[in-house]
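Shown next: run37.pdb, given as PDB, C-alpha atoms, pLDDT in the B column.
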```
ATOM      1  CA  MET A   1    -109.431  -3.397 155.143  1.00 52.00           C
ATOM      2  CA  ARG A   2    -109.102  -0.551 152.655  1.00 53.00           C
ATOM      3  CA  ALA A   3    -105.337  -0.348 153.257  1.00 52.00           C
ATOM      4  CA  THR A   4    -105.005  -4.066 152.528  1.00 52.00           C
ATOM      5  CA  ALA A   5    -106.837  -3.656 149.218  1.00 47.00           C
ATOM      6  CA  ILE A   6    -104.650  -0.715 148.212  1.00 50.00           C
ATOM      7  CA  LEU A   7    -101.488  -2.565 149.196  1.00 39.00           C
ATOM      8  CA  SER A   8    -102.585  -5.576 147.151  1.00 47.00           C
ATOM      9  CA  LEU A   9    -103.156  -3.373 144.113  1.00 42.00           C
ATOM     10  CA  LEU A  10     -99.745  -1.756 144.484  1.00 42.00           C
ATOM     11  CA  ILE A  11     -98.024  -5.128 144.677  1.00 47.00           C
ATOM     12  CA  LEU A  12     -99.946  -6.365 141.658  1.00 43.00           C
ATOM     13  CA  ALA A  13     -99.025  -3.258 139.674  1.00 47.00           C
ATOM     14  CA  ALA A  14     -95.359  -3.667 140.563  1.00 48.00           C
ATOM     15  CA  CYS A  15     -95.386  -7.240 139.313  1.00 49.00           C
ATOM     16  CA  ALA A  16     -97.296  -6.470 136.116  1.00 53.00           C
ATOM     17  CA  SER A  17     -94.198  -5.802 134.032  1.00 57.00           C
ATOM     18  CA  THR A  18     -91.155  -7.956 134.582  1.00 85.00           C
ATOM     19  CA  THR A  19     -89.117  -6.441 131.754  1.00 90.00           C
ATOM     20  CA  THR A  20     -86.155  -4.449 133.003  1.00 93.00           C
ATOM     21  CA  PRO A  21     -83.408  -2.559 131.170  1.00 93.00           C
ATOM     22  CA  GLU A  22     -80.975  -5.285 132.223  1.00 95.00           C
ATOM     23  CA  LYS A  23     -83.156  -7.963 130.645  1.00 95.00           C
ATOM     24  CA  LEU A  24     -83.406  -5.941 127.437  1.00 95.00           C
ATOM     25  CA  LYS A  25     -79.608  -5.682 127.253  1.00 95.00           C
ATOM     26  CA  ALA A  26     -79.379  -9.489 127.312  1.00 95.00           C
ATOM     27  CA  MET A  27     -81.908  -9.920 124.459  1.00 95.00           C
ATOM     28  CA  SER A  28     -81.220  -9.926 120.738  1.00 96.00           C
ATOM     29  CA  THR A  29     -82.312  -6.809 118.870  1.00 96.00           C
ATOM     30  CA  ALA A  30     -85.232  -8.703 117.317  1.00 95.00           C
ATOM     31  CA  GLU A  31     -86.382  -9.818 120.777  1.00 96.00           C
ATOM     32  CA  VAL A  32     -86.170  -6.241 122.046  1.00 96.00           C
ATOM     33  CA  CYS A  33     -88.288  -5.046 119.119  1.00 96.00           C
ATOM     34  CA  TYR A  34     -90.820  -7.821 119.677  1.00 95.00           C
ATOM     35  CA  THR A  35     -91.032  -6.964 123.372  1.00 95.00           C
ATOM     36  CA  GLY A  36     -91.843  -3.372 122.450  1.00 95.00           C
ATOM     37  CA  MET A  37     -94.617  -4.608 120.165  1.00 94.00           C
ATOM     38  CA  VAL A  38     -96.323  -6.933 122.646  1.00 94.00           C
ATOM     39  CA  GLU A  39     -95.670  -4.987 125.860  1.00 94.00           C
ATOM     40  CA  PRO A  40     -96.647  -1.377 125.148  1.00 92.00           C
ATOM     41  CA  ASP A  41     -95.794  -0.310 128.703  1.00 95.00           C
ATOM     42  CA  THR A  42     -92.114  -1.132 128.007  1.00 94.00           C
ATOM     43  CA  ARG A  43     -91.961   1.033 124.884  1.00 94.00           C
ATOM     44  CA  GLN A  44     -89.870   3.775 126.492  1.00 95.00           C
ATOM     45  CA  MET A  45     -87.279   1.257 127.756  1.00 95.00           C
ATOM     46  CA  VAL A  46     -87.256  -0.480 124.373  1.00 96.00           C
ATOM     47  CA  ASP A  47     -86.714   2.807 122.545  1.00 96.00           C
ATOM     48  CA  ALA A  48     -83.837   3.686 124.873  1.00 96.00           C
ATOM     49  CA  GLU A  49     -82.216   0.280 124.328  1.00 96.00           C
ATOM     50  CA  LEU A  50     -82.603   0.507 120.542  1.00 96.00           C
ATOM     51  CA  THR A  51     -81.083   4.003 120.596  1.00 96.00           C
ATOM     52  CA  ALA A  52     -78.135   2.740 122.638  1.00 97.00           C
ATOM     53  CA  ARG A  53     -77.624  -0.072 120.114  1.00 96.00           C
ATOM     54  CA  LYS A  54     -78.140   2.292 117.169  1.00 97.00           C
ATOM     55  CA  ALA A  55     -80.575  -0.328 115.871  1.00 96.00           C
ATOM     56  CA  ASP A  56     -83.730  -0.156 113.786  1.00 96.00           C
ATOM     57  CA  CYS A  57     -86.469  -2.771 114.123  1.00 95.00           C
ATOM     58  CA  ARG A  58     -87.118  -2.637 110.375  1.00 96.00           C
ATOM     59  CA  ASP A  59     -83.721  -4.241 109.844  1.00 96.00           C
ATOM     60  CA  HIS A  60     -84.886  -7.271 111.872  1.00 96.00           C
ATOM     61  CA  ALA A  61     -88.335  -7.829 110.343  1.00 96.00           C
ATOM     62  CA  ALA A  62     -87.624 -11.442 109.315  1.00 96.00           C
ATOM     63  CA  GLU A  63     -86.399 -12.386 112.801  1.00 97.00           C
ATOM     64  CA  ILE A  64     -89.387 -10.653 114.423  1.00 95.00           C
ATOM     65  CA  ALA A  65     -91.739 -12.583 112.123  1.00 95.00           C
ATOM     66  CA  LYS A  66     -90.111 -15.846 113.268  1.00 96.00           C
ATOM     67  CA  ILE A  67     -90.594 -14.873 116.916  1.00 94.00           C
ATOM     68  CA  GLN A  68     -94.247 -14.005 116.227  1.00 94.00           C
ATOM     69  CA  ASP A  69     -94.747 -17.357 114.519  1.00 94.00           C
ATOM     70  CA  MET A  70     -93.162 -19.240 117.432  1.00 93.00           C
ATOM     71  CA  GLU A  71     -95.327 -17.349 119.929  1.00 91.00           C
ATOM     72  CA  ARG A  72     -98.447 -18.051 117.888  1.00 91.00           C
ATOM     73  CA  ARG A  73     -97.612 -21.765 117.741  1.00 91.00           C
ATOM     74  CA  ALA A  74     -96.833 -21.869 121.471  1.00 90.00           C
ATOM     75  CA  GLY A  75    -100.167 -20.364 122.445  1.00 83.00           C
ATOM     76  CA  ALA A  76    -102.485 -17.494 121.909  1.00 57.00           C
ATOM     77  CA  THR A  77    -101.303 -14.005 122.676  1.00 54.00           C
ATOM     78  CA  PRO A  78    -103.676 -11.791 124.656  1.00 55.00           C
ATOM     79  CA  GLY A  79    -106.585 -10.724 122.488  1.00 52.00           C
ATOM     80  CA  ASP A  80    -105.829 -13.293 119.811  1.00 52.00           C
ATOM     81  CA  THR A  81    -109.154 -14.519 118.478  1.00 51.00           C
ATOM     82  CA  THR A  82    -107.639 -16.703 115.768  1.00 52.00           C
ATOM     83  CA  ALA A  83    -106.167 -19.230 118.188  1.00 49.00           C
ATOM     84  CA  PRO A  84    -107.839 -22.619 118.271  1.00 50.00           C
ATOM     85  CA  LYS A  85    -110.345 -23.091 121.065  1.00 49.00           C
ATOM     86  CA  PRO A  86    -109.980 -26.084 123.392  1.00 50.00           C
ATOM     87  CA  ALA A  87    -112.442 -28.911 122.875  1.00 49.00           C
ATOM     88  CA  GLY A  88    -115.195 -28.830 125.445  1.00 49.00           C
ATOM     89  CA  GLY A  89    -116.989 -31.593 127.267  1.00 49.00           C
ATOM     90  CA  GLY A  90    -114.264 -33.302 129.245  1.00 49.00           C
ATOM     91  CA  MET A  91    -114.692 -36.914 130.341  1.00 54.00           C
ATOM     92  CA  GLY A  92    -117.099 -37.492 127.434  1.00 51.00           C
ATOM     93  CA  ARG A  93    -120.131 -36.056 129.197  1.00 51.00           C
ATOM     94  CA  TYR A  94    -122.666 -33.738 127.550  1.00 45.00           C
TER      95      TYR A  94
END
```
Can you give me the file's structure in the form of structure tokens?
Amino acid sequence: MRATAILSLLILAACASTTTPEKLKAMSTAEVCYTGMVEPDTRQMVDAELTARKADCRDHAAEIAKIQDMERRAGATPGDTTAPKPAGGGMGRY
């Protein structure tokens, strides 16, 4: 029983971050910067990719702002308290 719980946690931890160096290589520089902002656990990979590209996120601030706006419009990011709340009630009851 305990081994099953530990195995489940290990599998969950392995799946927690799906960003890989190969995926970063395929992204635009602005997307790489944004990924580093919203996925702190990928920061080391992001920094390595930006170093390899000799890129600076400050040079892509406008593009990053567009990505942030699109993400905000698509749905709330984790911890976002400014996102609209869904209407409650359902089926007109209560």
Selected residue of minimal separation from Val38 of chain A among A:Cys57, A:Thr18, A:Leu50, A:Gln68, counting only C-alpha atoms: A:Gln68
Result set, the PyMOL selection byres ((chain A and resi 25) around 10) on current file, as an MDAnalysis selection string: chainID A and resid 20:24 26:29 32 46 49:50 52:53
Take the residues just selected and output them with C-alpha atoms as an mmCIF file, in the frame of the given file.
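Contents of part06.cif, as written:
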```
data_model
loop_
_atom_site.group_PDB
_atom_site.id
_atom_site.type_symbol
_atom_site.label_atom_id
_atom_site.label_comp_id
_atom_site.auth_asym_id
_atom_site.auth_seq_id
_atom_site.Cartn_x
_atom_site.Cartn_y
_atom_site.Cartn_z
ATOM 1 C CA THR A 20 -86.155 -4.449 133.003
ATOM 2 C CA PRO A 21 -83.408 -2.559 131.170
ATOM 3 C CA GLU A 22 -80.975 -5.285 132.223
ATOM 4 C CA LYS A 23 -83.156 -7.963 130.645
ATOM 5 C CA LEU A 24 -83.406 -5.941 127.437
ATOM 6 C CA ALA A 26 -79.379 -9.489 127.312
ATOM 7 C CA MET A 27 -81.908 -9.920 124.459
ATOM 8 C CA SER A 28 -81.220 -9.926 120.738
ATOM 9 C CA THR A 29 -82.312 -6.809 118.870
ATOM 10 C CA VAL A 32 -86.170 -6.241 122.046
ATOM 11 C CA VAL A 46 -87.256 -0.480 124.373
ATOM 12 C CA GLU A 49 -82.216 0.280 124.328
ATOM 13 C CA LEU A 50 -82.603 0.507 120.542
ATOM 14 C CA ALA A 52 -78.135 2.740 122.638
ATOM 15 C CA ARG A 53 -77.624 -0.072 120.114
#
```
Between atom CA of Arg73 of chain A and atom CA of Gln44 of chain A - distance in Å to one decimal: 28.1 Å
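Across A:Thr19, A:Ile64, A:Gly75, A:Arg58, the tightest approach to Met45 of chain A is made by A:Thr19 when counting all atoms listed in the file.
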Grab all the atoms of segment 19-34 of chain A that the file lists, wrap them in a box along x, y and z, add 8 Å per side, and give me centre plus edge lengths in Å (one decimal) as AutoDock Vina command-line options.
```
--center_x -85.1 --center_y -6.2 --center_z 125.2 --size_x 27.4 --size_y 23.4 --size_z 31.7
```
Length of the atom CA of Arg72 of chain A to atom CA of Asp56 of chain A vector [Å]: 23.5 Å
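The gap separating atom CA of Tyr34 of chain A from atom CA of Asp69 of chain A is 11.5 Å, in Å to one decimal.
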Given all atoms listed in the file as the counted atoms, nearest of A:Ala62, A:Lys54, A:Glu71, A:Ala48 to Gly36 of chain A: A:Ala48
